[in-house]
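Participant: Can you keep this structure in mind? I'll have questions shortly.
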Amino acid sequence: MGREIVDLPLVTEYKYSNAVLGGIMGQGFRQGYIVLGMKGKAKAPTRDKWSQDLDDVWDEIAPVMRKQKGFLGVKALWNIANNQEMLVLAYWESLADRLAYENSVAGGLRARMETILQGMPSRPKYCMMLDTKVDLSDIRDGHFVTSLTATSRASSPAEFEHDLRNVWDRPGKIDASHTESPFLGAQVIWSIDGTREACLLAFWRSLEKQSTNETVASFQAGAKFQEILEPPIVHSQYVIVKSV
């Protein structure tokens with residue numbers, strides 16, 4: 001079976017404006033998409049119990065989310081270290097769409113979600129800077145996510161994009177082509193909260209082969225990405241428990 005090699009395009013112009021954040025939607029490439037995180041501790045002690053708790057709220061949350069303008073999808077993750085850490089990633093076409101949601105139904109849904117969490121979770125906000133054209137619909141329950149998060153050495157989005165280009169313009173390319181590959185795709189996201197936090201998210205069908213796959217040229221991009229970050233660098237692994 002032949003392999004399709006996926007390029008890693010980069011943002012060539014980045015401004016905090018709705019023209020850029022919303023004007024390039026509808027394409028396979030996802031520059032400017034907004035990624036909202038919710039990170040904290042679940043009340044559930046295990047992945048199975050976390051899944052059950054999500055079942056109790058998902059039927060209420062999912063139909064409302066799907067009706068929101070600009071909503072693209074949401075993934076609920078469980079840290080495979082079984083430390084009760086949960087992470088929710090919600091994807092939006094533009095910051096304006098997300099703000100409209102915040103001003104309408106977000107409060108009620110957030111309060112419902114918090115009933116299955118310990119205390120108040122953090123809610124980081126990001127903009128998509130780079131993507132390997134991974135389709136959110138291809139990232140499903142039971143798949144895995146590895147994240148590499150740290151403070152960027154860059155002081156601005158433009159500088160971060162420049163640093164990305166230097167280390168990732170031709171990273172050896174990533175093979176996400178055929179069903180035999182454990183790798184599904186990757187995203188680089190940058191904080192819009194002013195924290196300079198940057199994160200590389202890599203999506204996998206399984207983790208059994210992931211460690212081997214990361215040692216070959218097709219995924220040396222992770223090592224290159226670390227060159228533009230300040231230590232400490234946090235590595236985490238999650239399994240996707242629920243999707244919308």
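Going through the structure tokens in order, the chains are called A, B, and so on, while each chain numbers its residues from 1 and the ligands are numbered from 1 in the order shown.
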So which residues touch region 107-111 of chain A within 8 Å, counting only C-alpha atoms, skipping near sequence neighbours fewer than 4 positions away, as a list in words?
Facilitator: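 Selected residues are Ile61, Glu102 and Thr115 of chain A.
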Participant: Given the choices A:Val145, A:Val241, A:Leu72, A:Leu95, which gets closest to Ile192 (chain A) if the distance is worked out from only C-alpha atoms?
Facilitator: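 Among the listed residues, A:Leu95 lies closest to Ile192 (chain A).
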Participant: Could you name the residues that touch region 195-201 of chain A at 9 Å or less, counting only C-alpha atoms, but leaving out those on the same chain fewer than 3 positions away, as a list in words?
Facilitator: Tyr126, Val145, Thr146, Ser147, Leu148, Thr149, Ala150, Thr151, Ser152, Arg153, Ala154, Ser155, Ser156, Pro157, Phe160, Gly185, Ala186, Gln187, Val188, Ile189, Trp190, Ser191, Ile192, Gly222, Phe225 and Leu229 of chain A
Participant: In region 29-189 of chain A, what's strand (DSSP E) per DSSP? Answer as JSON, numbers by chain?
Facilitator: {"A": [34, 35, 36, 37, 38, 39, 40, 41, 42, 71, 72, 73, 74, 75, 76, 77, 78, 79, 85, 86, 87, 88, 89, 90, 91, 92, 117, 118, 119, 120, 121, 122, 125, 126, 127, 128, 129, 130, 131, 144, 145, 146, 147, 148, 149, 150, 151, 152, 174, 175, 183, 184, 185, 186, 187, 188, 189]}
Participant: Just checking: using only C-alpha atoms, which residue out of A:Leu54, A:Lys133, A:Val64, A:Glu159 ends up closest to Gln31 (chain A)?
Facilitator: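 With only C-alpha atoms as the atom set, the closest residue is A:Lys133.
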Participant: Between A:Arg30, A:Asp55, A:Leu184, A:Ala81, single out the one closest to Arg140 (chain A), counting only C-alpha atoms.
Facilitator: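 Using only C-alpha atoms, the shortest distance to Arg140 (chain A) belongs to A:Leu184.
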Participant: Mind the document's chain letters and residue numbers, and return as an MDAnalysis selection string the residues of region 66-171 of chain A that DSSP labels helix (DSSP H, G or I).
Facilitator: chainID A and resid 66 95:102 106:114 136:138 157:168
Participant: Between A:Ala62, A:Leu77, A:Met38, A:Ile116, which has the minimum distance to Asp141 (chain A) (counting only C-alpha atoms)?
Facilitator: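 Result for the nearest residue to Asp141 (chain A): A:Leu77.
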Participant: Which residue is closest to Ala42 (chain A)? Choose from A:Met128, A:Leu99, A:Ala106, A:Met86 and count only C-alpha atoms.
Facilitator: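 Of all the options, A:Met86 lies closest to Ala42 (chain A).
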Participant: Which residue gives the smallest distance to Ser206 (chain A) among A:Trp92, A:Tyr238, A:Trp78, A:Trp58, with only C-alpha atoms counted?
Facilitator: A:Tyr238
